[in-house]
>>> print(open('input-v6.txt').read())   # compact mmCIF, C-alpha atoms
# COMPACT_ATOMS: atom_id res chain seq x y z
CA MET S 1 -23.63 -17.96 34.14
CA LYS S 2 -21.40 -18.51 31.10
CA ARG S 3 -24.48 -18.68 28.85
CA ASN S 4 -25.80 -15.40 30.27
CA LYS S 5 -22.45 -13.71 29.59
CA ILE S 6 -22.55 -14.90 25.98
CA LEU S 7 -26.10 -13.60 25.53
CA ALA S 8 -25.14 -10.30 27.12
CA GLY S 9 -22.16 -10.03 24.76
CA ILE S 10 -24.36 -10.70 21.74
CA PHE S 11 -26.87 -8.09 22.96
CA CYS S 12 -24.16 -5.45 23.44
CA ALA S 13 -22.67 -6.22 20.03
CA ALA S 14 -26.12 -5.79 18.45
CA ILE S 15 -26.57 -2.47 20.21
CA LEU S 16 -23.11 -1.32 19.13
CA SER S 17 -23.78 -2.41 15.55
CA SER S 18 -27.09 -0.53 15.58
CA CYS S 19 -25.37 2.60 16.87
CA ASN S 20 -22.68 2.34 14.22
CA GLN S 21 -25.31 1.94 11.50
CA LYS S 22 -27.12 5.01 12.79
CA GLU S 23 -23.88 6.98 12.71
CA ASP S 24 -23.27 5.83 9.13
CA ILE S 25 -26.56 7.27 7.86
CA LYS S 26 -25.91 10.01 5.33
CA SER S 27 -27.97 13.15 5.31
CA ILE S 28 -28.52 16.12 3.05
CA VAL S 29 -29.34 19.69 3.96
CA VAL S 30 -31.74 21.42 1.57
CA LYS S 31 -31.71 25.20 1.79
CA ASN S 32 -34.21 27.72 0.40
CA THR S 33 -32.64 31.20 0.18
CA LEU S 34 -35.73 32.90 -1.29
CA ASP S 35 -38.47 34.78 0.56
CA PHE S 36 -41.29 32.39 -0.36
CA GLU S 37 -42.03 28.76 0.43
CA LYS S 38 -40.99 26.15 -2.12
CA THR S 39 -43.27 23.15 -2.56
CA PHE S 40 -43.06 21.98 -6.18
CA GLU S 41 -39.38 22.36 -6.96
CA THR S 42 -37.77 19.05 -7.84
CA VAL S 43 -34.45 18.11 -6.27
CA GLU S 44 -32.32 15.72 -8.37
CA LEU S 45 -29.80 13.51 -6.56
CA SER S 46 -27.41 11.41 -8.65
CA LYS S 47 -25.77 8.11 -7.70
CA ALA S 48 -22.39 9.81 -7.80
CA PHE S 49 -23.55 12.60 -5.46
CA LEU S 50 -24.95 10.13 -2.94
CA ASN S 51 -22.13 7.63 -3.53
CA VAL S 52 -24.51 4.65 -3.78
CA THR S 53 -24.69 1.83 -6.30
CA ASP S 54 -28.45 1.21 -6.32
CA LEU S 55 -30.99 4.02 -6.14
CA THR S 56 -34.00 1.70 -6.11
CA THR S 57 -33.50 0.95 -2.40
CA VAL S 58 -32.83 4.55 -1.39
CA GLY S 59 -35.32 6.37 0.80
CA ILE S 60 -35.29 10.03 1.80
CA ARG S 61 -36.50 10.65 5.34
CA ASP S 62 -37.25 13.92 7.10
CA ALA S 63 -34.72 14.01 9.92
CA LYS S 64 -37.09 15.91 12.21
CA ASP S 65 -40.35 13.99 11.99
CA GLY S 66 -39.20 10.74 10.32
CA THR S 67 -41.55 11.07 7.35
CA LEU S 68 -40.42 9.25 4.21
CA GLN S 69 -40.63 11.50 1.17
CA VAL S 70 -42.30 10.56 -2.12
CA THR S 71 -39.48 9.82 -4.56
CA GLN S 72 -39.02 8.78 -8.18
CA THR S 73 -35.98 7.21 -9.83
CA VAL S 74 -35.01 8.06 -13.41
CA ASP S 75 -32.93 6.20 -15.99
CA ASN S 76 -31.82 9.12 -18.15
CA ASP S 77 -29.70 7.23 -20.69
CA GLY S 78 -31.90 4.15 -21.09
CA ASP S 79 -29.25 1.62 -20.00
CA GLY S 80 -31.53 -0.05 -17.45
CA THR S 81 -29.82 1.49 -14.41
CA MET S 82 -31.39 4.34 -12.48
CA ASP S 83 -29.24 7.48 -12.62
CA GLU S 84 -31.11 9.93 -10.38
CA ILE S 85 -33.60 9.98 -7.55
CA LEU S 86 -36.08 12.87 -7.40
CA PHE S 87 -38.12 14.39 -4.59
CA GLN S 88 -40.00 17.64 -3.93
CA PRO S 89 -39.33 18.85 -0.40
CA LYS S 90 -41.47 21.50 1.25
CA ILE S 91 -39.08 24.20 2.45
CA ALA S 92 -40.26 27.39 4.12
CA ALA S 93 -38.92 30.79 3.05
CA ASN S 94 -35.31 31.50 4.03
CA SER S 95 -34.91 28.20 5.82
CA GLU S 96 -33.40 24.75 5.53
CA LYS S 97 -34.29 21.14 6.27
CA THR S 98 -32.25 18.02 6.87
CA PHE S 99 -33.16 14.72 5.22
CA GLU S 100 -31.60 11.33 5.93
CA ILE S 101 -30.61 8.99 3.11
CA VAL S 102 -31.76 5.53 4.23
CA THR S 103 -32.18 2.05 2.78
CA ILE S 104 -35.79 0.91 2.43
CA THR S 105 -37.70 -1.94 0.83
CA GLU S 106 -40.18 -1.58 -2.02
CA ALA S 107 -43.02 -2.09 0.45
CA GLU S 108 -41.78 0.84 2.51
CA GLN S 109 -41.72 3.24 -0.45
CA PRO S 110 -44.37 5.95 0.03
CA LYS S 111 -47.17 5.58 -2.49
CA ALA S 112 -48.43 8.50 -4.58
CA GLU S 113 -50.67 8.82 -7.62
CA GLU S 114 -48.81 8.99 -10.94
CA LEU S 115 -50.07 12.36 -12.16
CA CYS S 116 -47.15 12.96 -14.54
CA TYR S 117 -47.53 10.94 -17.73
CA SER S 118 -46.42 10.82 -21.37
CA ARG S 119 -46.49 8.43 -24.29
CA PHE S 120 -46.21 7.94 -28.03
CA VAL S 121 -49.69 7.72 -29.58
CA PRO S 122 -49.69 5.50 -32.68
CA GLU S 123 -53.49 5.30 -32.71
CA ARG S 124 -53.65 9.05 -33.52
CA THR S 125 -51.10 9.09 -36.36
CA ASP S 126 -47.91 9.60 -34.31
CA ASP S 127 -48.51 12.25 -31.69
CA TYR S 128 -46.31 12.41 -28.63
CA THR S 129 -48.32 13.70 -25.67
CA TRP S 130 -47.49 14.59 -22.06
CA GLU S 131 -49.23 15.98 -18.96
CA ASN S 132 -49.17 16.54 -15.23
CA ASN S 133 -51.83 17.67 -12.74
CA LYS S 134 -51.90 21.20 -14.22
CA VAL S 135 -51.39 21.12 -18.00
CA ALA S 136 -51.06 18.88 -21.05
CA PHE S 137 -49.23 19.16 -24.40
CA ARG S 138 -48.51 17.31 -27.62
CA VAL S 139 -46.21 17.43 -30.66
CA TYR S 140 -46.41 15.78 -34.09
CA GLY S 141 -44.35 13.10 -35.79
CA PRO S 142 -43.13 12.01 -39.24
CA VAL S 143 -46.27 10.13 -40.29
CA ALA S 144 -48.40 13.23 -39.73
CA GLN S 145 -45.88 15.22 -41.78
CA LYS S 146 -45.86 12.71 -44.66
CA MET S 147 -49.65 12.75 -44.81
CA ILE S 148 -49.55 16.50 -45.50
CA GLU S 149 -46.76 16.14 -48.04
CA ASP S 150 -48.65 13.33 -49.82
CA GLY S 151 -51.95 15.19 -49.75
CA THR S 152 -53.55 12.66 -47.39
CA PRO S 153 -56.29 14.15 -45.15
CA GLY S 154 -55.73 14.19 -41.40
CA GLY S 155 -52.03 15.02 -41.26
CA THR S 156 -50.22 17.83 -39.45
CA LEU S 157 -47.05 19.62 -40.56
CA SER S 158 -45.72 21.54 -37.56
CA SER S 159 -42.90 21.61 -35.03
CA GLY S 160 -45.05 23.84 -32.84
CA VAL S 161 -46.20 22.64 -29.42
CA ASP S 162 -49.92 22.04 -28.90
CA ALA S 163 -51.67 22.85 -25.61
CA TRP S 164 -54.38 20.51 -24.34
CA LEU S 165 -56.70 22.52 -22.14
CA LYS S 166 -57.47 20.28 -19.18
CA LYS S 167 -59.29 21.45 -16.04
CA VAL S 168 -58.93 18.38 -13.83
CA GLU S 169 -55.88 17.19 -11.91
CA TYR S 170 -56.06 13.53 -12.91
CA PRO S 171 -54.57 12.24 -16.21
CA ILE S 172 -56.74 12.77 -19.30
CA ILE S 173 -54.52 11.71 -22.21
CA ASN S 174 -55.75 8.14 -22.51
CA ASN S 175 -59.38 9.18 -21.92
CA TRP S 176 -59.27 11.74 -24.71
CA TYR S 177 -57.59 9.49 -27.26
CA LYS S 178 -60.01 6.69 -26.43
CA LYS S 179 -63.08 8.82 -27.09
CA ASN S 180 -61.41 10.28 -30.19
CA ALA S 181 -60.95 6.74 -31.56
CA ILE S 182 -64.68 6.14 -31.15
CA LYS S 183 -65.67 9.53 -32.54
CA PRO S 184 -62.93 11.39 -34.45
CA GLY S 185 -62.59 14.93 -33.18
CA ALA S 186 -64.41 14.19 -29.91
CA TYR S 187 -61.71 15.80 -27.77
CA HIS S 188 -62.33 19.12 -29.56
CA GLU S 189 -65.73 19.27 -27.90
CA ALA S 190 -66.25 20.77 -24.42
CA SER S 191 -66.35 18.23 -21.59
CA PRO S 192 -66.06 18.23 -17.78
CA GLU S 193 -62.35 17.41 -18.25
CA GLY S 194 -61.65 20.26 -20.67
CA ARG S 195 -61.16 20.35 -24.44
CA ASP S 196 -58.58 20.53 -27.22
CA ASN S 197 -59.46 23.74 -29.03
CA PHE S 198 -55.97 25.25 -29.16
CA HIS S 199 -54.96 25.79 -32.80
CA VAL S 200 -51.28 25.30 -33.65
CA GLY S 201 -50.95 25.06 -37.44
CA VAL S 202 -47.44 26.11 -38.48
CA SER S 203 -47.21 28.52 -35.54
CA ARG S 204 -44.81 27.95 -32.64
CA GLY S 205 -47.71 27.03 -30.39
CA VAL S 206 -46.37 27.03 -26.82
CA GLY S 207 -42.59 27.06 -27.06
CA GLY S 208 -41.68 25.77 -30.51
CA ILE S 209 -38.40 27.28 -31.70
CA ALA S 210 -37.19 29.25 -34.71
CA VAL S 211 -33.91 30.65 -36.01
CA LYS S 212 -34.08 34.25 -37.18
CA ALA S 213 -32.19 35.59 -40.22
CA ASP S 214 -32.76 39.29 -40.94
CA THR S 215 -36.54 39.61 -40.47
CA THR S 216 -37.48 36.00 -41.30
CA TYR S 217 -38.01 33.13 -38.87
CA TYR S 218 -37.08 29.62 -39.97
CA PHE S 219 -38.00 26.38 -38.23
CA SER S 220 -37.90 22.61 -38.49
CA LYS S 221 -40.60 20.18 -39.52
CA ASN S 222 -42.07 17.44 -37.32
CA TYR S 223 -39.93 15.37 -34.99
CA THR S 224 -38.41 12.28 -36.62
CA GLN S 225 -37.66 10.02 -33.64
CA TRP S 226 -38.75 9.77 -30.01
CA ARG S 227 -37.51 8.02 -26.86
CA THR S 228 -39.44 7.87 -23.62
CA ILE S 229 -37.30 8.44 -20.52
CA THR S 230 -40.03 8.30 -17.87
CA THR S 231 -43.51 7.30 -19.01
CA GLY S 232 -45.24 8.07 -15.76
CA GLY S 233 -44.50 8.89 -12.18
CA PRO S 234 -45.57 10.89 -9.15
CA LEU S 235 -43.02 13.65 -9.81
CA ARG S 236 -41.90 13.74 -13.45
CA THR S 237 -42.46 12.55 -16.99
CA SER S 238 -39.76 13.05 -19.63
CA PHE S 239 -38.78 12.09 -23.18
CA HIS S 240 -36.35 12.87 -26.00
CA LEU S 241 -37.08 14.03 -29.56
CA GLU S 242 -34.89 14.11 -32.68
CA TYR S 243 -35.39 16.35 -35.73
CA ALA S 244 -34.08 16.17 -39.28
CA ASN S 245 -31.42 18.76 -40.07
CA TRP S 246 -33.00 21.91 -41.44
CA ASP S 247 -32.01 25.08 -43.25
CA ALA S 248 -32.19 28.63 -41.87
CA ASN S 249 -31.24 30.95 -44.71
CA GLY S 250 -28.14 28.93 -45.60
CA LYS S 251 -27.33 27.80 -42.04
CA LEU S 252 -27.49 24.04 -41.41
CA ILE S 253 -29.35 23.57 -38.13
CA LYS S 254 -29.08 20.36 -36.11
CA GLU S 255 -31.72 20.03 -33.39
CA SER S 256 -32.77 17.58 -30.69
CA LYS S 257 -34.37 18.12 -27.30
CA THR S 258 -35.28 16.55 -24.00
CA ILE S 259 -38.60 17.66 -22.53
CA SER S 260 -39.68 17.11 -18.94
CA LEU S 261 -42.73 18.10 -16.92
CA ASP S 262 -42.81 17.99 -13.12
CA LEU S 263 -45.67 17.73 -10.68
CA GLY S 264 -47.33 21.02 -9.78
CA ASN S 265 -45.69 23.02 -12.57
CA ASN S 266 -47.39 24.85 -15.44
CA PHE S 267 -44.16 24.75 -17.46
CA SER S 268 -42.41 22.02 -19.40
CA LYS S 269 -38.63 22.22 -19.33
CA PHE S 270 -37.03 22.17 -22.79
CA THR S 271 -33.34 21.22 -22.88
CA THR S 272 -32.50 21.80 -26.54
CA SER S 273 -29.29 20.69 -28.24
CA ILE S 274 -28.72 22.84 -31.30
CA GLU S 275 -25.88 23.42 -33.74
CA GLY S 276 -25.56 26.08 -36.43
CA THR S 277 -26.72 29.16 -34.52
CA ASP S 278 -25.79 31.25 -31.48
CA THR S 279 -29.39 32.20 -30.68
CA ILE S 280 -32.84 30.71 -31.04
CA TYR S 281 -36.32 32.20 -30.74
CA ALA S 282 -38.89 30.29 -28.69
CA GLY S 283 -42.37 31.35 -29.72
CA LEU S 284 -45.97 31.72 -28.58
CA THR S 285 -48.72 31.78 -31.20
CA LEU S 286 -50.79 34.97 -31.26
CA HIS S 287 -53.88 33.23 -32.68
CA GLU S 288 -56.41 35.97 -33.53
CA LYS S 289 -54.04 38.71 -32.36
CA ASP S 290 -56.65 40.01 -29.93
CA GLY S 291 -54.63 39.47 -26.76
CA LYS S 292 -51.79 41.27 -25.00
CA VAL S 293 -48.07 40.49 -25.10
CA THR S 294 -46.17 41.38 -21.94
CA GLY S 295 -42.69 40.56 -20.76
CA SER S 296 -39.90 41.19 -18.30
CA ASP S 297 -36.28 41.43 -19.40
CA ASP S 298 -35.20 41.52 -15.75
CA ASN S 299 -37.03 38.31 -14.85
CA GLY S 300 -36.61 36.61 -18.22
CA TRP S 301 -40.12 35.92 -19.44
CA VAL S 302 -42.60 36.76 -22.20
CA SER S 303 -46.33 36.07 -21.96
CA TYR S 304 -49.45 36.29 -24.10
CA TRP S 305 -52.83 36.69 -22.36
CA GLN S 306 -55.73 36.32 -24.79
CA PRO S 307 -59.46 35.76 -25.11
CA HIS S 308 -60.00 32.15 -26.15
CA PHE S 309 -63.52 31.43 -27.35
CA GLU S 310 -65.65 32.13 -24.24
CA THR S 311 -62.65 31.75 -21.90
CA GLU S 312 -59.18 33.21 -21.35
CA LEU S 313 -55.80 31.65 -22.00
CA ALA S 314 -52.24 32.66 -21.15
CA THR S 315 -49.05 31.19 -22.56
CA ALA S 316 -45.50 32.04 -21.56
CA ILE S 317 -41.81 31.30 -21.96
CA VAL S 318 -39.36 31.69 -19.06
CA ALA S 319 -35.58 31.33 -19.29
CA PRO S 320 -32.66 31.69 -16.87
CA LYS S 321 -30.67 34.90 -16.62
CA GLY S 322 -27.89 34.88 -19.17
CA THR S 323 -30.07 32.85 -21.54
CA PHE S 324 -32.99 35.27 -21.95
CA LEU S 325 -31.82 38.08 -24.25
CA GLY S 326 -35.15 39.84 -24.81
CA TYR S 327 -38.54 39.43 -26.44
CA GLU S 328 -40.34 40.69 -29.52
CA THR S 329 -43.63 40.42 -31.38
CA TYR S 330 -43.83 39.33 -35.01
CA ASP S 331 -47.11 40.36 -36.64
CA THR S 332 -47.90 39.25 -40.17
CA GLU S 333 -50.96 38.62 -42.33
CA GLN S 334 -49.63 35.14 -43.17
CA LYS S 335 -51.75 32.50 -41.45
CA ASP S 336 -50.37 31.19 -38.13
CA LEU S 337 -47.02 32.97 -38.47
CA SER S 338 -47.68 35.75 -35.96
CA ASN S 339 -45.85 34.89 -32.75
CA ALA S 340 -44.40 36.47 -29.64
CA TYR S 341 -40.77 35.39 -29.37
CA ALA S 342 -38.21 35.07 -26.59
CA GLU S 343 -34.67 35.46 -27.90
CA LEU S 344 -32.45 32.91 -26.18
CA LYS S 345 -28.69 32.51 -26.09
CA VAL S 346 -27.17 29.16 -27.11
CA THR S 347 -24.19 28.13 -24.95
CA ASN S 348 -22.04 25.14 -25.90
CA ASN S 349 -24.72 24.02 -28.37
CA GLU S 350 -27.42 23.91 -25.69
CA VAL S 351 -30.22 26.14 -24.46
CA VAL S 352 -32.64 25.54 -21.58
CA TYR S 353 -36.00 27.28 -21.31
CA TYR S 354 -39.49 26.66 -19.92
CA ALA S 355 -42.77 26.93 -21.83
CA GLY S 356 -46.29 26.56 -20.51
CA PHE S 357 -49.75 27.98 -20.04
CA THR S 358 -52.82 28.43 -17.89
CA TRP S 359 -56.49 28.31 -18.84
CA SER S 360 -59.22 30.21 -17.03
CA GLU S 361 -61.44 27.10 -16.85
CA SER S 362 -58.80 25.36 -14.71
CA ASN S 363 -59.26 28.04 -12.02
CA GLN S 364 -55.54 28.24 -11.26
CA PHE S 365 -55.14 32.02 -11.69
CA LYS S 366 -57.89 34.64 -11.39
CA ASN S 367 -56.41 37.19 -13.80
CA SER S 368 -53.32 38.27 -15.73
CA GLN S 369 -51.86 39.96 -12.66
CA GLU S 370 -51.84 36.70 -10.70
CA TRP S 371 -50.35 34.90 -13.72
CA GLU S 372 -47.54 37.43 -14.10
CA ALA S 373 -46.81 37.24 -10.37
CA TYR S 374 -46.44 33.48 -10.83
CA LEU S 375 -44.04 34.08 -13.74
CA ASP S 376 -41.90 36.34 -11.55
CA MET S 377 -41.87 33.71 -8.80
CA PHE S 378 -41.09 30.89 -11.22
CA SER S 379 -38.23 32.97 -12.66
CA LYS S 380 -36.75 33.45 -9.18
CA GLN S 381 -37.09 29.72 -8.54
CA ILE S 382 -35.15 28.63 -11.64
CA ASN S 383 -32.49 31.29 -11.10
CA THR S 384 -32.09 30.50 -7.40
CA PRO S 385 -32.77 26.79 -7.01
CA LEU S 386 -32.74 24.91 -3.73
CA GLU S 387 -29.20 24.34 -2.44
CA VAL S 388 -28.30 20.78 -1.50
CA VAL S 389 -25.30 19.81 0.67
CA LEU S 390 -24.37 16.21 1.49
CA ASN S 391 -23.36 15.45 5.06
CA LYS S 392 -21.26 12.29 5.08
>>> encode(input="input-v6.txt", output="structure tokens")
Amino acid sequence: MKRNKILAGIFCAAILSSCNQKEDIKSIVVKNTLDFEKTFETVELSKAFLNVTDLTTVGIRDAKDGTLQVTQTVDNDGDGTMDEILFQPKIAANSEKTFEIVTITEAEQPKAEELCYSRFVPERTDDYTWENNKVAFRVYGPVAQKMIEDGTPGGTLSSGVDAWLKKVEYPIINNWYKKNAIKPGAYHEASPEGRDNFHVGVSRGVGGIAVKADTTYYFSKNYTQWRTITTGGPLRTSFHLEYANWDANGKLIKESKTISLDLGNNFSKFTTSIEGTDTIYAGLTLHEKDGKVTGSDDNGWVSYWQPHFETELATAIVAPKGTFLGYETYDTEQKDLSNAYAELKVTNNEVVYYAGFTWSESNQFKNSQEWEAYLDMFSKQINTPLEVVLNK
């Protein structure tokens, strides 16, 4: 009898402990106040917000159906400790969802393909290239710049952003550089995965910046240093670039930037630190000047829809309200210097904007009307992000 009482006491204590643990589970409420469903907006939760010491064991579980969400942890400052955990909840229009913050093992982490990817590419001079399941980009480094300055063939002198026209959802960066190593220029040729036939030159490409003085636009040279933040992941890839100080008609400009690209988005996010100016101009190359520049001051975007060889291509810049000051077109006979520009306000030496594109061969948008509707929606999304409240 005494033994049975002891066992019963242990059982009750275990039940009580389990109940207490359940009561201790934190939860967050994620609210969408817009009139369309959100599926590819990334929610960032910091250690401080969640009040946890280790994000690597954190799971995010749908409180209604118990489904664990796909997450990704990020070490923003490179100190070896994860600073944020990311997830992309699916929230219907004008509604909210509750998610529980739970402790899980590595084996319990939901698995997802790493469609967001970036890396430094020493085998192709010193490109830095990034992609997700929709788009791909690259920028150029100091070796490529020095080759031009020394008269060595094969270099590139540009702080413009190149667009890699992919039409598949899986990663193509390593495939394209591999075939280019075997046959230089191979990725310029059409393939089932797409092709690199987007010319940058000294233009702004897709989102490179300039500082305007009177009627002249000034800009930096190639990046000088790079640091990968997240090489690959299911939800985000990100990295940091440094630039040498540069002159804009007597103004000393100091520039660096963090670039990130999230799953399901056609736009890279540029968080630019800049000193020496109150405004910058983020540009879109006009190539042959046979396309159409459109924009919306109310929604904060400028776009260029153009014929591109036998296809069509659209590039755009979107910025939050209060940052987007307007847009303009600069047309000149000088090679590669014709650009559409978004004028952006610098606040506390920082400006955030989004630059990206779509290509008709990727079959994402049927026409310019669908593209511009997406720009309006994307603008609403960045101006009215998901609201997150922690329930303790």
>>> residues_near_point(input="input-v6.txt", point="(-28.3, 20.6, -39.2)", cutoff="12 Å", atoms="all atoms listed in the file", output="PDB file with C-alpha atoms, keeping the file's coordinate frame")
ATOM      1  CA  VAL S 211     -33.910  30.650 -36.010  1.00  0.00           C
ATOM      2  CA  PHE S 219     -38.000  26.380 -38.230  1.00  0.00           C
ATOM      3  CA  SER S 220     -37.900  22.610 -38.490  1.00  0.00           C
ATOM      4  CA  GLU S 242     -34.890  14.110 -32.680  1.00  0.00           C
ATOM      5  CA  TYR S 243     -35.390  16.350 -35.730  1.00  0.00           C
ATOM      6  CA  ALA S 244     -34.080  16.170 -39.280  1.00  0.00           C
ATOM      7  CA  ASN S 245     -31.420  18.760 -40.070  1.00  0.00           C
ATOM      8  CA  TRP S 246     -33.000  21.910 -41.440  1.00  0.00           C
ATOM      9  CA  ASP S 247     -32.010  25.080 -43.250  1.00  0.00           C
ATOM     10  CA  ALA S 248     -32.190  28.630 -41.870  1.00  0.00           C
ATOM     11  CA  GLY S 250     -28.140  28.930 -45.600  1.00  0.00           C
ATOM     12  CA  LYS S 251     -27.330  27.800 -42.040  1.00  0.00           C
ATOM     13  CA  LEU S 252     -27.490  24.040 -41.410  1.00  0.00           C
ATOM     14  CA  ILE S 253     -29.350  23.570 -38.130  1.00  0.00           C
ATOM     15  CA  LYS S 254     -29.080  20.360 -36.110  1.00  0.00           C
ATOM     16  CA  GLU S 255     -31.720  20.030 -33.390  1.00  0.00           C
ATOM     17  CA  SER S 256     -32.770  17.580 -30.690  1.00  0.00           C
ATOM     18  CA  SER S 273     -29.290  20.690 -28.240  1.00  0.00           C
ATOM     19  CA  ILE S 274     -28.720  22.840 -31.300  1.00  0.00           C
ATOM     20  CA  GLU S 275     -25.880  23.420 -33.740  1.00  0.00           C
ATOM     21  CA  GLY S 276     -25.560  26.080 -36.430  1.00  0.00           C
ATOM     22  CA  THR S 277     -26.720  29.160 -34.520  1.00  0.00           C
ATOM     23  CA  ASN S 349     -24.720  24.020 -28.370  1.00  0.00           C
TER      24      ASN S 349
END
>>> closest_residue(input="input-v6.txt", among="S:Val43, S:Thr332, S:Asp75, S:Lys111", to="S:Thr215", atoms="all atoms listed in the file")
S:Thr332
>>> residues_around(input="input-v6.txt", residues="S:Asn249", least_positions_apart="3", cutoff="9 Å", atoms="only C-alpha atoms", output="PyMOL selection string")
chain S and resi 212-213+216+218+252
>>> residues_around(input="input-v6.txt", residues="S:Leu235", least_positions_apart="6", cutoff="12 Å", atoms="all atoms listed in the file", output="PyMOL selection string")
chain S and resi 39-44+69-74+85-89+111-117+131-133+260-265
>>> closest_residue(input="input-v6.txt", among="S:Asp65, S:Asp77, S:Asp83, S:Glu312", to="S:Asn367", atoms="only C-alpha atoms")
S:Glu312
>>> residues_around(input="input-v6.txt", residues="S:Leu386", least_positions_apart="6", cutoff="7 Å", atoms="only C-alpha atoms", output="list in words")
Val30, Lys31 and Asn32 of chain S
>>> closest_atom_pairs(input="input-v6.txt", of="stretch 103-169 of chain S", to="stretch 203-208 of chain S", cutoff="9 Å", atoms="all atoms listed in the file", output="tab-separated table")
residue	atom	partner	partner_atom	distance
S:Phe137	CA	S:Val206	CA	8.7
S:Ser158	CA	S:Ser203	CA	7.4
S:Ser159	CA	S:Gly208	CA	6.3
S:Gly160	CA	S:Arg204	CA	4.1
S:Val161	CA	S:Gly205	CA	4.7
S:Asp162	CA	S:Gly205	CA	5.7
S:Ala163	CA	S:Val206	CA	6.9
>>> closest_residue(input="input-v6.txt", among="S:Arg195, S:Ile229, S:Leu165, S:Tyr327", to="S:Ala314", atoms="only C-alpha atoms")
S:Leu165
>>> residues_around(input="input-v6.txt", residues="S:Glu333", least_positions_apart="2", cutoff="12 Å", atoms="all atoms listed in the file", output="list in words")
Leu286, His287, Glu288, Lys289, Tyr330, Asp331, Lys335, Asp336, Leu337, Ser338 and Asn339 of chain S
>>> closest_atom_pairs(input="input-v6.txt", of="stretch 21-80 of chain S", to="stretch 95-103 of chain S", cutoff="12 Å", atoms="only C-alpha atoms", output="JSON lines")
{"residue": "S:Gln21", "atom": "CA", "partner": "S:Val102", "partner_atom": "CA", "distance": 10.4}
{"residue": "S:Lys22", "atom": "CA", "partner": "S:Val102", "partner_atom": "CA", "distance": 9.8}
{"residue": "S:Glu23", "atom": "CA", "partner": "S:Glu100", "partner_atom": "CA", "distance": 11.2}
{"residue": "S:Asp24", "atom": "CA", "partner": "S:Val102", "partner_atom": "CA", "distance": 9.8}
{"residue": "S:Ile25", "atom": "CA", "partner": "S:Ile101", "partner_atom": "CA", "distance": 6.5}
{"residue": "S:Lys26", "atom": "CA", "partner": "S:Ile101", "partner_atom": "CA", "distance": 5.3}
{"residue": "S:Ser27", "atom": "CA", "partner": "S:Glu100", "partner_atom": "CA", "distance": 4.1}
{"residue": "S:Ile28", "atom": "CA", "partner": "S:Phe99", "partner_atom": "CA", "distance": 5.3}
{"residue": "S:Val29", "atom": "CA", "partner": "S:Thr98", "partner_atom": "CA", "distance": 4.4}
{"residue": "S:Val30", "atom": "CA", "partner": "S:Lys97", "partner_atom": "CA", "distance": 5.4}
{"residue": "S:Lys31", "atom": "CA", "partner": "S:Glu96", "partner_atom": "CA", "distance": 4.1}
{"residue": "S:Asn32", "atom": "CA", "partner": "S:Ser95", "partner_atom": "CA", "distance": 5.5}
{"residue": "S:Thr33", "atom": "CA", "partner": "S:Ser95", "partner_atom": "CA", "distance": 6.8}
{"residue": "S:Leu34", "atom": "CA", "partner": "S:Ser95", "partner_atom": "CA", "distance": 8.6}
{"residue": "S:Asp35", "atom": "CA", "partner": "S:Ser95", "partner_atom": "CA", "distance": 9.1}
{"residue": "S:Phe36", "atom": "CA", "partner": "S:Ser95", "partner_atom": "CA", "distance": 9.8}
{"residue": "S:Glu37", "atom": "CA", "partner": "S:Ser95", "partner_atom": "CA", "distance": 8.9}
{"residue": "S:Lys38", "atom": "CA", "partner": "S:Ser95", "partner_atom": "CA", "distance": 10.2}
{"residue": "S:Leu45", "atom": "CA", "partner": "S:Ile101", "partner_atom": "CA", "distance": 10.7}
{"residue": "S:Lys47", "atom": "CA", "partner": "S:Ile101", "partner_atom": "CA", "distance": 11.9}
{"residue": "S:Phe49", "atom": "CA", "partner": "S:Ile101", "partner_atom": "CA", "distance": 11.7}
{"residue": "S:Leu50", "atom": "CA", "partner": "S:Ile101", "partner_atom": "CA", "distance": 8.4}
{"residue": "S:Asn51", "atom": "CA", "partner": "S:Ile101", "partner_atom": "CA", "distance": 10.9}
{"residue": "S:Val52", "atom": "CA", "partner": "S:Ile101", "partner_atom": "CA", "distance": 10.2}
{"residue": "S:Thr53", "atom": "CA", "partner": "S:Thr103", "partner_atom": "CA", "distance": 11.8}
{"residue": "S:Asp54", "atom": "CA", "partner": "S:Thr103", "partner_atom": "CA", "distance": 9.9}
{"residue": "S:Leu55", "atom": "CA", "partner": "S:Thr103", "partner_atom": "CA", "distance": 9.2}
{"residue": "S:Thr56", "atom": "CA", "partner": "S:Thr103", "partner_atom": "CA", "distance": 9.1}
{"residue": "S:Thr57", "atom": "CA", "partner": "S:Thr103", "partner_atom": "CA", "distance": 5.5}
{"residue": "S:Val58", "atom": "CA", "partner": "S:Thr103", "partner_atom": "CA", "distance": 4.9}
{"residue": "S:Gly59", "atom": "CA", "partner": "S:Val102", "partner_atom": "CA", "distance": 5.0}
{"residue": "S:Ile60", "atom": "CA", "partner": "S:Ile101", "partner_atom": "CA", "distance": 5.0}
{"residue": "S:Arg61", "atom": "CA", "partner": "S:Glu100", "partner_atom": "CA", "distance": 5.0}
{"residue": "S:Asp62", "atom": "CA", "partner": "S:Phe99", "partner_atom": "CA", "distance": 4.6}
{"residue": "S:Ala63", "atom": "CA", "partner": "S:Phe99", "partner_atom": "CA", "distance": 5.0}
{"residue": "S:Lys64", "atom": "CA", "partner": "S:Thr98", "partner_atom": "CA", "distance": 7.5}
{"residue": "S:Asp65", "atom": "CA", "partner": "S:Phe99", "partner_atom": "CA", "distance": 9.9}
{"residue": "S:Gly66", "atom": "CA", "partner": "S:Glu100", "partner_atom": "CA", "distance": 8.8}
{"residue": "S:Thr67", "atom": "CA", "partner": "S:Phe99", "partner_atom": "CA", "distance": 9.4}
{"residue": "S:Leu68", "atom": "CA", "partner": "S:Phe99", "partner_atom": "CA", "distance": 9.1}
{"residue": "S:Gln69", "atom": "CA", "partner": "S:Phe99", "partner_atom": "CA", "distance": 9.1}
{"residue": "S:Thr71", "atom": "CA", "partner": "S:Ile101", "partner_atom": "CA", "distance": 11.8}
